[in-house]
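Engineer: You'll find data-v2.txt just under this line, and it carries compact mmCIF, C-alpha atoms and all ligand atoms.
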```
# COMPACT_ATOMS: atom_id res chain seq x y z
CA MET I 28 -14.90 -11.37 -61.91
CA ASN I 29 -16.33 -8.32 -63.76
CA LEU I 30 -16.31 -4.76 -62.45
CA SER I 31 -19.90 -4.65 -61.13
CA THR I 32 -19.51 -7.95 -59.22
CA SER I 33 -16.29 -6.77 -57.62
CA SER I 34 -17.80 -3.39 -56.67
CA LEU I 35 -20.81 -5.23 -55.17
CA LEU I 36 -18.45 -7.49 -53.25
CA PHE I 37 -16.48 -4.44 -52.08
CA ARG I 38 -19.67 -2.71 -50.86
CA LYS I 39 -20.87 -5.84 -49.05
CA THR I 40 -17.50 -6.28 -47.30
CA HIS I 41 -17.49 -2.62 -46.38
CA GLN I 42 -21.00 -2.95 -44.89
CA ILE I 43 -20.00 -6.00 -42.82
CA LEU I 44 -16.85 -4.27 -41.54
CA ARG I 45 -18.79 -1.13 -40.67
CA HIS I 46 -21.35 -3.20 -38.79
CA ARG I 47 -18.60 -5.03 -36.90
CA PHE I 48 -16.87 -1.76 -36.07
CA ARG I 49 -20.11 -0.27 -34.67
CA ARG I 50 -20.76 -3.42 -32.67
CA GLN I 51 -17.27 -3.27 -31.24
CA GLN I 52 -17.65 0.42 -30.45
CA PHE I 53 -20.76 -0.48 -28.50
CA LEU I 54 -18.95 -3.22 -26.62
CA ILE I 55 -15.95 -1.20 -25.62
CA ARG I 56 -17.92 1.84 -24.57
CA SER I 57 -17.45 2.08 -20.86
CA LEU I 58 -18.72 4.32 -18.13
CA CYS I 59 -15.26 4.82 -16.76
CA GLY I 60 -14.95 8.38 -18.01
CA TYR I 61 -17.88 9.44 -15.90
CA ASN I 62 -16.96 11.39 -12.82
CA ILE I 63 -19.13 10.05 -10.04
CA GLN I 64 -18.13 12.87 -7.77
CA THR I 65 -19.08 15.77 -10.01
CA GLY I 66 -21.52 14.06 -12.32
CA ILE I 67 -19.58 15.62 -15.18
CA GLY I 68 -18.11 13.35 -17.75
CA LYS I 69 -18.73 11.57 -20.93
CA MET I 70 -18.78 8.02 -22.07
CA GLN I 71 -15.23 6.99 -22.81
CA GLN I 72 -13.43 3.85 -23.69
CA ILE I 73 -10.47 2.55 -21.81
CA GLN I 74 -9.02 0.86 -24.80
CA CYS I 75 -10.26 -0.57 -28.03
CA MET I 76 -8.53 -3.70 -29.15
CA ASP I 77 -8.03 -2.20 -32.62
CA ARG I 78 -6.81 1.16 -31.37
CA PRO I 79 -3.87 2.56 -29.43
CA ILE I 80 -4.01 2.08 -25.68
CA VAL I 81 -5.44 4.97 -23.67
CA ASP I 82 -4.19 3.91 -20.28
CA ALA I 83 -4.68 7.37 -18.81
CA ASP I 84 -8.42 6.63 -18.65
CA ALA I 85 -7.90 3.70 -16.31
CA GLU I 86 -5.64 5.88 -14.18
CA ASN I 87 -8.33 8.58 -14.16
CA VAL I 88 -10.82 6.07 -12.83
CA LEU I 89 -8.41 5.19 -10.05
CA ARG I 90 -7.91 8.86 -9.20
CA ARG I 91 -11.63 9.56 -9.11
CA ILE I 92 -12.52 6.77 -6.74
CA THR I 93 -9.54 7.00 -4.37
CA PRO I 94 -10.60 9.09 -1.38
CA THR I 95 -8.65 12.12 -0.23
CA PHE I 96 -7.35 11.79 3.33
CA ASP I 97 -9.50 13.66 5.79
CA LEU I 98 -8.44 14.23 9.39
CA ARG I 99 -12.08 14.02 10.52
CA ARG I 100 -12.45 10.42 9.42
CA HIS I 101 -12.24 7.57 11.90
CA LYS I 102 -10.76 4.10 11.72
CA GLY I 103 -12.80 1.91 9.43
CA GLN I 104 -14.08 4.58 7.10
CA ALA I 105 -11.40 3.88 4.50
CA GLY I 106 -12.57 0.28 4.28
CA LYS I 107 -13.04 -2.94 6.22
CA ILE I 108 -12.32 -5.99 4.13
CA ALA I 109 -12.62 -9.69 4.95
CA VAL I 110 -11.01 -12.56 3.09
CA ILE I 111 -12.66 -15.96 3.38
CA GLY I 112 -9.85 -18.37 2.54
CA GLY I 113 -6.83 -20.19 3.83
CA CYS I 114 -6.64 -23.92 4.53
CA ARG I 115 -4.03 -26.60 5.18
CA GLU I 116 -2.48 -26.30 1.71
CA TYR I 117 -2.71 -22.59 1.06
CA THR I 118 -1.80 -19.85 3.47
CA GLY I 119 -0.10 -17.46 1.03
CA ALA I 120 -3.15 -16.61 -1.08
CA PRO I 121 -5.40 -15.21 1.69
CA TYR I 122 -2.42 -13.34 3.14
CA PHE I 123 -1.63 -11.73 -0.23
CA ALA I 124 -5.24 -10.63 -0.71
CA ALA I 125 -5.66 -9.30 2.83
CA ILE I 126 -2.33 -7.50 3.10
CA SER I 127 -2.81 -5.91 -0.34
CA ALA I 128 -6.07 -4.41 0.87
CA LEU I 129 -4.19 -2.75 3.75
CA LYS I 130 -1.28 -1.63 1.59
CA ILE I 131 -3.68 0.14 -0.76
CA GLY I 132 -5.39 1.97 2.05
CA ALA I 133 -8.10 -0.07 3.76
CA ASP I 134 -8.19 0.45 7.52
CA LEU I 135 -8.89 -3.11 8.61
CA SER I 136 -8.33 -6.45 6.97
CA HIS I 137 -9.69 -9.71 8.36
CA VAL I 138 -9.09 -13.32 7.33
CA PHE I 139 -11.54 -16.15 8.08
CA CYS I 140 -9.68 -19.42 7.57
CA THR I 141 -9.32 -22.94 8.93
CA LYS I 142 -7.76 -23.51 12.32
CA ASP I 143 -4.65 -25.07 10.74
CA ALA I 144 -4.03 -22.05 8.57
CA ALA I 145 -4.71 -19.36 11.16
CA THR I 146 -1.48 -19.42 13.19
CA VAL I 147 0.56 -19.52 10.03
CA ILE I 148 -1.25 -16.51 8.54
CA LYS I 149 -1.01 -14.59 11.82
CA SER I 150 2.72 -15.18 11.83
CA TYR I 151 3.10 -13.52 8.42
CA SER I 152 1.71 -10.26 9.74
CA PRO I 153 0.41 -8.78 12.98
CA GLU I 154 -1.62 -6.31 10.89
CA LEU I 155 -4.22 -8.90 9.93
CA ILE I 156 -7.13 -9.93 12.12
CA VAL I 157 -7.29 -13.67 11.73
CA HIS I 158 -10.31 -15.81 12.70
CA PRO I 159 -9.65 -19.56 12.91
CA VAL I 160 -13.27 -20.55 12.31
CA LEU I 161 -13.56 -22.74 9.22
CA GLU I 162 -13.40 -26.52 9.39
CA GLU I 163 -12.51 -29.14 6.78
CA SER I 164 -14.12 -32.59 6.59
CA TYR I 165 -11.09 -34.37 8.04
CA SER I 166 -11.52 -32.58 11.35
CA VAL I 167 -15.29 -33.05 11.72
CA ARG I 168 -17.29 -36.28 12.20
CA ASP I 169 -20.44 -36.59 10.07
CA ASP I 170 -22.73 -36.37 13.11
CA GLU I 171 -21.00 -33.14 14.18
CA LYS I 172 -21.37 -31.31 10.87
CA ALA I 173 -24.72 -29.57 11.46
CA GLY I 174 -23.53 -28.17 14.78
CA VAL I 175 -20.20 -27.06 13.32
CA LEU I 176 -21.97 -25.32 10.43
CA ASP I 177 -24.12 -23.37 12.90
CA LYS I 178 -21.02 -22.40 14.90
CA VAL I 179 -19.13 -21.24 11.82
CA LEU I 180 -22.11 -19.16 10.68
CA ALA I 181 -22.55 -17.61 14.10
CA GLU I 182 -18.84 -16.63 14.19
CA VAL I 183 -18.87 -15.10 10.73
CA THR I 184 -22.29 -13.44 10.72
CA LYS I 185 -21.61 -11.48 13.88
CA TRP I 186 -18.96 -9.61 11.86
CA LEU I 187 -20.63 -9.61 8.46
CA GLY I 188 -22.53 -6.33 8.66
CA ARG I 189 -19.33 -4.44 9.49
CA PHE I 190 -17.52 -5.37 6.29
CA ASP I 191 -17.50 -3.22 3.18
CA CYS I 192 -16.58 -6.21 1.06
CA LEU I 193 -15.82 -9.93 1.29
CA VAL I 194 -13.22 -11.68 -0.83
CA VAL I 195 -14.23 -15.32 -1.08
CA GLY I 196 -11.84 -17.97 -2.31
CA PRO I 197 -8.11 -17.19 -2.20
CA GLY I 198 -6.52 -20.39 -0.87
CA LEU I 199 -9.89 -21.72 0.28
CA GLY I 200 -9.34 -25.27 -0.98
CA ARG I 201 -12.12 -27.50 -2.24
CA ASP I 202 -13.17 -29.53 0.75
CA PRO I 203 -16.92 -30.24 0.35
CA PHE I 204 -17.91 -29.46 3.94
CA LEU I 205 -15.88 -26.26 4.02
CA LEU I 206 -17.48 -25.17 0.73
CA GLU I 207 -20.93 -25.93 2.16
CA CYS I 208 -20.20 -23.54 5.05
CA VAL I 209 -18.85 -20.89 2.67
CA SER I 210 -21.97 -21.17 0.47
CA GLU I 211 -24.07 -20.33 3.51
CA ILE I 212 -21.77 -17.40 4.39
CA MET I 213 -22.23 -16.09 0.85
CA ARG I 214 -26.03 -16.36 1.14
CA ARG I 215 -25.95 -14.40 4.40
CA ALA I 216 -23.66 -11.76 2.90
CA ARG I 217 -26.04 -11.42 -0.01
CA GLN I 218 -29.02 -11.00 2.30
CA SER I 219 -27.12 -8.19 4.02
CA ASN I 220 -26.09 -6.58 0.71
CA VAL I 221 -22.40 -7.02 1.40
CA PRO I 222 -20.40 -6.97 -1.86
CA ILE I 223 -18.51 -10.18 -2.62
CA VAL I 224 -15.39 -10.63 -4.76
CA VAL I 225 -15.14 -14.27 -5.79
CA ASP I 226 -11.72 -15.65 -6.73
CA GLY I 227 -9.72 -18.89 -6.76
CA ASP I 228 -11.58 -21.79 -5.17
CA GLY I 229 -14.55 -19.50 -4.59
CA LEU I 230 -14.96 -19.61 -8.37
CA PHE I 231 -14.88 -23.41 -8.28
CA LEU I 232 -17.74 -23.24 -5.77
CA VAL I 233 -19.73 -20.63 -7.68
CA THR I 234 -19.29 -22.29 -11.08
CA ASN I 235 -21.02 -25.36 -9.66
CA ASN I 236 -23.60 -23.32 -7.71
CA LEU I 237 -24.42 -20.33 -9.90
CA ASP I 238 -27.40 -19.32 -7.78
CA LEU I 239 -24.95 -17.99 -5.21
CA VAL I 240 -24.18 -15.02 -7.48
CA LYS I 241 -26.88 -15.07 -10.15
CA GLY I 242 -28.69 -11.73 -10.23
CA TYR I 243 -26.46 -10.27 -7.50
CA SER I 244 -25.13 -6.96 -8.78
CA LEU I 245 -22.77 -6.66 -5.79
CA ALA I 246 -20.75 -9.71 -6.86
CA VAL I 247 -17.47 -9.57 -8.77
CA LEU I 248 -15.93 -12.70 -10.27
CA THR I 249 -12.21 -12.57 -11.08
CA PRO I 250 -11.44 -15.71 -13.11
CA ASN I 251 -8.00 -16.60 -14.48
CA VAL I 252 -7.65 -18.58 -17.71
CA ASN I 253 -8.71 -21.92 -16.21
CA GLU I 254 -11.46 -20.51 -14.03
CA TYR I 255 -12.89 -18.58 -16.99
CA LYS I 256 -12.88 -21.69 -19.16
CA ARG I 257 -14.85 -23.60 -16.52
CA LEU I 258 -17.33 -20.72 -16.19
CA ILE I 259 -17.89 -20.45 -19.94
CA GLU I 260 -18.37 -24.21 -20.28
CA GLN I 261 -20.83 -24.31 -17.41
CA VAL I 262 -22.83 -21.16 -18.15
CA LEU I 263 -22.70 -20.74 -21.93
CA GLU I 264 -22.11 -24.42 -22.67
CA CYS I 265 -19.44 -23.71 -25.27
CA GLU I 266 -15.69 -23.21 -25.66
CA VAL I 267 -13.82 -19.99 -24.92
CA LYS I 268 -13.66 -17.89 -28.10
CA ASP I 269 -10.67 -15.57 -27.94
CA GLU I 270 -11.55 -13.95 -31.27
CA ASP I 271 -14.87 -12.78 -29.79
CA ALA I 272 -13.58 -12.22 -26.27
CA SER I 273 -15.59 -9.06 -25.53
CA GLU I 274 -18.89 -10.36 -26.85
CA GLN I 275 -18.49 -13.67 -25.07
CA LEU I 276 -17.70 -11.96 -21.78
CA LEU I 277 -20.70 -9.69 -22.23
CA SER I 278 -22.94 -12.72 -22.82
CA LEU I 279 -21.52 -14.47 -19.78
CA ALA I 280 -22.11 -11.45 -17.53
CA LYS I 281 -25.65 -11.08 -18.89
CA LYS I 282 -26.39 -14.74 -18.28
CA ILE I 283 -25.12 -14.45 -14.72
CA GLY I 284 -27.48 -11.53 -14.38
CA GLY I 285 -25.73 -8.43 -13.14
CA ALA I 286 -22.55 -9.70 -11.51
CA THR I 287 -19.34 -8.05 -12.72
CA ILE I 288 -16.71 -10.28 -14.28
CA LEU I 289 -13.02 -9.44 -14.52
CA ARG I 290 -11.38 -11.86 -16.93
CA LYS I 291 -7.67 -11.89 -16.12
CA GLY I 292 -5.07 -12.34 -18.82
CA SER I 293 -2.54 -10.48 -20.93
CA SER I 294 -5.28 -7.82 -21.04
CA ASP I 295 -7.90 -7.67 -18.32
CA LEU I 296 -11.48 -7.57 -19.64
CA ILE I 297 -14.24 -6.31 -17.39
CA SER I 298 -17.99 -6.54 -17.91
CA ASP I 299 -21.21 -6.26 -15.94
CA GLY I 300 -23.36 -7.31 -18.89
CA LYS I 301 -23.83 -3.73 -20.05
CA THR I 302 -20.35 -2.55 -21.00
CA VAL I 303 -16.97 -4.11 -21.60
CA SER I 304 -13.79 -2.35 -20.51
CA VAL I 305 -10.27 -3.40 -21.30
CA VAL I 306 -7.17 -2.64 -19.24
CA SER I 307 -3.91 -3.58 -20.86
CA VAL I 308 -1.42 -1.31 -19.21
CA HIS I 309 1.95 -3.00 -19.43
CA GLY I 310 2.34 -5.61 -16.66
CA SER I 311 5.19 -7.85 -15.57
CA PRO I 312 6.46 -10.76 -17.67
CA ARG I 313 6.91 -12.70 -14.41
CA ARG I 314 3.92 -14.98 -13.86
CA CYS I 315 4.64 -16.02 -10.27
CA GLY I 316 1.61 -17.31 -8.34
CA GLY I 317 -0.26 -14.91 -6.10
CA GLN I 318 -0.78 -11.93 -8.42
CA GLY I 319 -4.45 -12.79 -8.77
CA ASP I 320 -4.73 -12.72 -4.99
CA ILE I 321 -3.33 -9.18 -4.90
CA LEU I 322 -5.92 -8.29 -7.50
CA SER I 323 -8.87 -9.70 -5.55
CA GLY I 324 -7.92 -7.78 -2.38
CA SER I 325 -7.46 -4.63 -4.47
CA VAL I 326 -10.82 -4.99 -6.23
CA ALA I 327 -12.46 -5.20 -2.80
CA VAL I 328 -10.91 -1.91 -1.66
CA PHE I 329 -11.44 0.09 -4.84
CA SER I 330 -15.01 -1.15 -5.24
CA SER I 331 -15.77 -0.13 -1.66
CA TRP I 332 -14.34 3.33 -2.31
CA ALA I 333 -16.32 3.69 -5.52
CA ARG I 334 -19.52 2.66 -3.69
CA GLN I 335 -18.80 5.12 -0.88
CA GLN I 336 -18.43 7.94 -3.40
CA MET I 337 -21.60 6.86 -5.14
CA ILE I 338 -23.51 7.06 -1.87
CA SER I 339 -22.03 10.42 -0.87
CA SER I 340 -22.86 11.97 -4.24
CA GLU I 341 -26.16 10.18 -4.79
CA GLU I 342 -27.82 13.03 -6.63
CA ASP I 343 -25.05 13.25 -9.22
CA TYR I 344 -24.89 9.52 -9.47
CA ASN I 345 -28.58 9.27 -10.26
CA LYS I 346 -28.10 11.53 -13.23
CA ARG I 347 -25.65 9.16 -14.88
CA PRO I 348 -25.19 5.86 -13.13
CA ALA I 349 -21.88 4.06 -13.29
CA ASN I 350 -21.30 0.62 -11.84
CA PRO I 351 -18.92 1.13 -8.88
CA LEU I 352 -17.79 -2.48 -9.06
CA VAL I 353 -16.70 -2.04 -12.66
CA LEU I 354 -14.79 1.10 -11.65
CA GLY I 355 -13.21 -0.85 -8.78
CA CYS I 356 -12.05 -3.57 -11.17
CA ILE I 357 -10.54 -1.06 -13.57
CA ALA I 358 -8.65 0.72 -10.79
CA ALA I 359 -7.39 -2.54 -9.26
CA SER I 360 -6.26 -3.88 -12.60
CA VAL I 361 -4.27 -0.79 -13.56
CA LEU I 362 -2.67 -0.55 -10.12
CA LEU I 363 -1.59 -4.20 -10.05
CA ARG I 364 -0.10 -3.93 -13.51
CA LYS I 365 1.82 -0.77 -12.60
CA ALA I 366 3.09 -2.35 -9.38
CA ALA I 367 4.11 -5.52 -11.19
CA THR I 368 6.04 -3.48 -13.76
CA LEU I 369 7.80 -1.52 -11.03
CA ALA I 370 8.66 -4.66 -9.08
CA PHE I 371 10.04 -6.28 -12.21
CA ASP I 372 12.18 -3.22 -12.96
CA LYS I 373 13.72 -3.58 -9.52
CA LYS I 374 13.96 -7.35 -9.11
CA LYS I 375 13.90 -8.77 -12.64
CA ARG I 376 13.89 -12.58 -12.61
CA SER I 377 13.75 -12.81 -8.84
CA THR I 378 10.47 -10.85 -8.62
CA ILE I 379 7.96 -12.59 -6.38
CA THR I 380 4.46 -11.65 -5.24
CA GLY I 381 5.73 -10.03 -2.03
CA ASP I 382 7.86 -7.66 -4.15
CA ILE I 383 4.78 -6.58 -6.10
CA ILE I 384 2.90 -5.96 -2.86
CA GLU I 385 5.78 -3.78 -1.69
CA CYS I 386 5.36 -1.70 -4.86
CA LEU I 387 1.61 -1.12 -4.45
CA GLY I 388 2.08 2.04 -2.36
CA GLU I 389 4.67 3.61 -4.65
CA SER I 390 2.59 2.84 -7.73
CA LEU I 391 -0.56 4.25 -6.16
CA GLU I 392 1.32 7.38 -5.15
CA GLY I 393 2.59 7.70 -8.73
CA ILE I 394 -0.96 7.73 -10.08
CA CYS I 395 -2.77 9.46 -7.24
CA PRO I 396 -0.54 11.37 -4.79
CA ALA I 397 -1.84 11.45 -1.20
CA ARG I 398 -3.58 14.71 -0.24
CA THR I 399 -5.09 15.55 3.14
CA LEU I 400 -8.12 17.70 3.90
CA GLY I 401 -8.98 19.36 7.16
N1 LIG Q 1 0.89 -19.03 -2.37
C1 LIG Q 1 -0.37 -19.48 -2.34
O1 LIG Q 1 -0.88 -19.89 -1.30
C2 LIG Q 1 -1.18 -19.45 -3.58
C3 LIG Q 1 -2.35 -20.16 -3.62
N2 LIG Q 1 -3.18 -20.09 -4.67
C4 LIG Q 1 -4.45 -20.76 -4.51
O2 LIG Q 1 -4.38 -22.02 -5.13
C5 LIG Q 1 -5.69 -22.49 -5.36
C6 LIG Q 1 -5.81 -22.98 -6.79
O3 LIG Q 1 -5.65 -21.88 -7.68
P1 LIG Q 1 -4.83 -22.02 -9.02
O4 LIG Q 1 -4.81 -20.71 -9.71
O5 LIG Q 1 -3.50 -22.63 -8.77
O6 LIG Q 1 -5.75 -23.08 -9.77
P2 LIG Q 1 -6.06 -23.26 -11.26
O7 LIG Q 1 -6.67 -22.05 -11.86
O8 LIG Q 1 -6.83 -24.51 -11.42
O9 LIG Q 1 -4.59 -23.39 -11.91
C7 LIG Q 1 -3.88 -24.55 -11.69
C8 LIG Q 1 -3.03 -24.90 -12.91
O10 LIG Q 1 -3.61 -24.45 -14.11
C9 LIG Q 1 -2.60 -24.24 -15.10
N3 LIG Q 1 -2.65 -22.86 -15.61
C10 LIG Q 1 -2.67 -21.72 -14.90
N4 LIG Q 1 -2.70 -20.64 -15.69
C11 LIG Q 1 -2.72 -21.11 -16.94
C12 LIG Q 1 -2.74 -20.48 -18.20
N5 LIG Q 1 -2.73 -19.13 -18.32
N6 LIG Q 1 -2.80 -21.25 -19.30
C13 LIG Q 1 -2.78 -22.61 -19.18
N7 LIG Q 1 -2.74 -23.27 -17.99
C14 LIG Q 1 -2.70 -22.53 -16.90
C15 LIG Q 1 -1.31 -24.55 -14.42
O11 LIG Q 1 -1.11 -25.92 -14.61
P3 LIG Q 1 0.28 -26.60 -15.13
O12 LIG Q 1 0.96 -25.61 -16.02
O13 LIG Q 1 1.02 -26.89 -13.89
O14 LIG Q 1 -0.18 -27.82 -15.83
C16 LIG Q 1 -1.68 -24.24 -12.98
O15 LIG Q 1 -0.75 -24.81 -12.06
C17 LIG Q 1 -6.62 -21.29 -5.09
O16 LIG Q 1 -7.15 -21.40 -3.81
C18 LIG Q 1 -5.66 -20.15 -5.15
O17 LIG Q 1 -6.16 -19.02 -4.45
C19 LIG Q 1 -2.91 -19.26 -5.82
O18 LIG Q 1 -3.60 -18.06 -5.59
C20 LIG Q 1 -1.42 -19.03 -5.99
C21 LIG Q 1 -0.71 -18.63 -4.73
N1 LIG Q 2 0.22 -12.41 -19.77
C1 LIG Q 2 0.06 -11.43 -18.89
N2 LIG Q 2 0.68 -10.25 -19.05
C2 LIG Q 2 0.52 -9.26 -18.15
N3 LIG Q 2 -0.25 -9.37 -17.07
C3 LIG Q 2 -0.90 -10.51 -16.87
C4 LIG Q 2 -0.79 -11.61 -17.77
N4 LIG Q 2 -1.54 -12.63 -17.31
C5 LIG Q 2 -2.10 -12.18 -16.17
N5 LIG Q 2 -1.71 -10.92 -15.92
C6 LIG Q 2 -2.12 -10.07 -14.78
O1 LIG Q 2 -1.81 -10.69 -13.56
C7 LIG Q 2 -2.92 -10.59 -12.68
C8 LIG Q 2 -3.21 -11.95 -12.14
O2 LIG Q 2 -3.64 -12.77 -13.19
P1 LIG Q 2 -3.40 -14.34 -13.18
O3 LIG Q 2 -3.96 -14.88 -14.44
O4 LIG Q 2 -1.97 -14.62 -12.86
O5 LIG Q 2 -4.32 -14.73 -11.94
P2 LIG Q 2 -4.34 -16.06 -11.08
O6 LIG Q 2 -3.95 -17.24 -11.92
O7 LIG Q 2 -5.64 -16.11 -10.41
O8 LIG Q 2 -3.21 -15.75 -10.00
P3 LIG Q 2 -2.94 -16.50 -8.63
O9 LIG Q 2 -1.62 -17.17 -8.81
O10 LIG Q 2 -2.92 -15.43 -7.60
O11 LIG Q 2 -4.07 -17.46 -8.40
C9 LIG Q 2 -4.09 -10.00 -13.48
O12 LIG Q 2 -4.40 -8.70 -13.05
C10 LIG Q 2 -3.60 -9.92 -14.88
O13 LIG Q 2 -3.83 -8.65 -15.42
MG MG Q 3 -6.07 -17.20 -8.61
```
Once more with this new file: its structure as structure tokens, please.

Structural biologist:
Amino acid sequence: MNLSTSSLLFRKTHQILRHRFRRQQFLIRSLCGYNIQTGIGKMQQIQCMDRPIVDADAENVLRRITPTFDLRRHKGQAGKIAVIGGCREYTGAPYFAAISALKIGADLSHVFCTKDAATVIKSYSPELIVHPVLEESYSVRDDEKAGVLDKVLAEVTKWLGRFDCLVVGPGLGRDPFLLECVSEIMRRARQSNVPIVVDGDGLFLVTNNLDLVKGYSLAVLTPNVNEYKRLIEQVLECEVKDEDASEQLLSLAKKIGGATILRKGSSDLISDGKTVSVVSVHGSPRRCGGQGDILSGSVAVFSSWARQQMISSEEDYNKRPANPLVLGCIAASVLLRKAATLAFDKKKRSTITGDIIECLGESLEGICPARTLG
């Protein structure tokens, strides 16, 4: 190769790399540095995959959206969350999601589950408000189904307007009749503009019925590795590409039309189709089941807080909009990872999900110490 060919080749490679770098800069740019309370702030990145981690930004997001205690506030104003999940097989998952919401600071946490699961979940904690309303096929005759569906809807919809966020899916199971009822609950929630975090079996439902969340900007999907793979295959009709993780997530979120997606993994990737944020604060090496459930309950609380702040500072918000659900995902992700690290430091190999839940408060206090107004 002569000198001019190699210099041409060098320039071409340089051009391609520069283009890729700019593209990546665009992808990782996130609105998380924007202060929704003051309206002051600039576009910042949480972390670029090719750069050192700037975890402080994720912690700043958490601090900005976490409300200060105020003695004038009444019960319910710090958040009312409902988990739709819990069946014969799974009672832990809805409990983990619902109790995490309380441990972070929500005032009330409800669980809507099957009758079989309800007593069990109640016995884990008197703090949870448990509604034994869902039914699985084995307990309903075919000719009874229409009536049961109406009854389930009536029970859930009378509460729906009071919730700041629903978490649909932890431990829900995949019974077809139960999923039919939950689809209808999701439609009603959407009509009432109630935000919905979709996790676990809720993602199984949504992946096969995309219309439930398509175009709904108040939906958050929190897929794990398997759930993400199924989503990608269904929506983008291709394989998961880890080398283009950010771009693929961005495409997925765009295709779903405004819903926020939190792709869980060794780093959590978050996108609403406009930006991609990455949170890779050190987490725990223990991969015990249930950590995703903590995350879904946490996303519900932080997203509700971010929305509340957005509403109370509407004028500032209008100047530079930030997606409160994206902020909620960032805050939840960093908190879970911190709590998991702390729990692992204390319990090492014996760390289980309950230990991480016990560390949520201490971790939150470490990032955002409690202050009281009034
Ligand atoms: N205590 C409870 O009540 C809990 C209940 N839960 C509830 O269970 C329901 C189903 O949810 P899910 O997450 O178990 O189902 P899904 O995603 O199909 O995974 C199943 C299998 O996939 C695999 N696998 C997993 N990760 C992988 C990876 N990174 N890379 C590769 N493979 C991986 C692994 O398979 P294996 O290794 O055994 O072959 C795993 O066993 C849902 O309602 C949820 O909320 C949970 O929340 C936990 C606590
Ligand atoms: N390899 C990892 N290293 C560090 N943290 C991780 C890793 N994988 C997942 N996490 C974190 O654990 C949390 C739960 O993710 P996970 O993939 O375990 O969800 P899940 O499979 O839905 O859990 P669940 O058992 O509750 O259903 C996420 O916030 C993620 O950041
Ligand atoms: Mg899960």

Engineer: Kindly compute an axis-aligned box around the listed atoms of region 259-263 of chain I, allowing 5 Å on each side, and express its centre and edge lengths in Å to one decimal as JSON.

Structural biologist:
```
{"center_x": -20.4, "center_y": -22.4, "center_z": -19.7, "size_x": 14.9, "size_y": 13.9, "size_z": 14.5}
```

Engineer: Within 7 Å of ligand LIG 2 (chain Q), counting all atoms listed in the file, which protein or nucleic acid residues do you find, written as a PyMOL selection string?

Structural biologist: chain I and resi 120+227+250-252+291-295+309-312+314-322+360+363-364

Engineer: So how far away is CA of Lys374 (chain I) from atom P2 of ligand LIG 1 (chain Q), in Å?

Structural biologist: 25.7 Å

Engineer: Rank nothing, just name the residue among I:Gly324, I:Pro159, I:Pro153, I:Pro94 nearest to ligand MG 3 (chain Q), using all atoms listed in the file.

Structural biologist: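 Checking each candidate against ligand MG 3 (chain Q), we get I:Gly324 as the closest.
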
Engineer: For each of I:Arg100, I:Arg91, I:Arg290, I:Arg217, take the minimum atom-to-atom distance to ligand MG 3 (chain Q), counting all atoms listed in the file, then give the residue where this is smallest.

Structural biologist: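 Using all atoms listed in the file, ligand MG 3 (chain Q) sits closest to I:Arg290.
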
Engineer: To one decimal place in Å, what is the distance between CA of Thr118 (chain I) and atom C3 of ligand LIG 1 (chain Q)?

Structural biologist: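 Separation of CA of Thr118 (chain I) and atom C3 of ligand LIG 1 (chain Q): 7.1 Å.
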
Engineer: Can you list, as a VMD selection string, every protein, DNA or RNA residue that comes within 12 Å of Lys282 (chain I) when you count only C-alpha atoms, leaving out same-chain residues fewer than 6 positions away?

Structural biologist: chain I and resid 237 to 238 240 to 243 258 to 259 261 to 264 275 to 276 288 298 to 301

Engineer: For each of I:Pro222, I:Gly200, I:Gly388, I:Gly174, take the minimum atom-to-atom distance to ligand MG 3 (chain Q), counting only C-alpha atoms and all ligand atoms, then give the residue where this is smallest.

Structural biologist: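 Distance minimum relative to ligand MG 3 (chain Q) lands on I:Gly200.
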
Engineer: To one decimal place in Å, what is the distance between CA of Asn253 (chain I) and atom O7 of ligand LIG 1 (chain Q)?

Structural biologist: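 Taking CA of Asn253 (chain I) and atom O7 of ligand LIG 1 (chain Q), their separation equals 4.8 Å.
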
Engineer: Using all atoms listed in the file, which of the listed residues (I:Leu400, I:Leu230, I:Leu98, I:Ile92) sits closest to ligand MG 3 (chain Q)?

Structural biologist: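 Closest residue, counting all atoms listed in the file: I:Leu230.
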
Engineer: Rank nothing, just name the residue among I:Ala181, I:Ile156, I:Ile111, I:Cys395 nearest to ligand LIG 1 (chain Q), using all atoms listed in the file.

Structural biologist: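 Of all the options, I:Ile111 lies closest to ligand LIG 1 (chain Q).
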
Engineer: Taking (-7.7, -16.5, 3.8) in the file's coordinates as the center, which residues reach within 9 Å of it, counting all atoms listed in the file, put as a VMD selection string?

Structural biologist: chain I and resid 109 to 114 117 to 125 137 to 141 144 to 145 148 157 194 to 199

Engineer: Rank I:Val308, I:Arg257, I:Glu392, I:Phe329 by their smallest atom-to-atom distance to ligand LIG 1 (chain Q), using only C-alpha atoms and all ligand atoms, and report the top residue only.

Structural biologist: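 Going through I:Val308, I:Arg257, I:Glu392, I:Phe329 one by one, the smallest distance to ligand LIG 1 (chain Q) is for I:Arg257.
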
Engineer: Within 10 Å of (-12.1, -30.6, 11.9) (coordinates as in the file), grab all the protein and nucleic acid residues, counting only C-alpha atoms, and write them out as a PyMOL selection string.

Structural biologist: chain I and resi 141-143+161-168+171-172+175+204-205
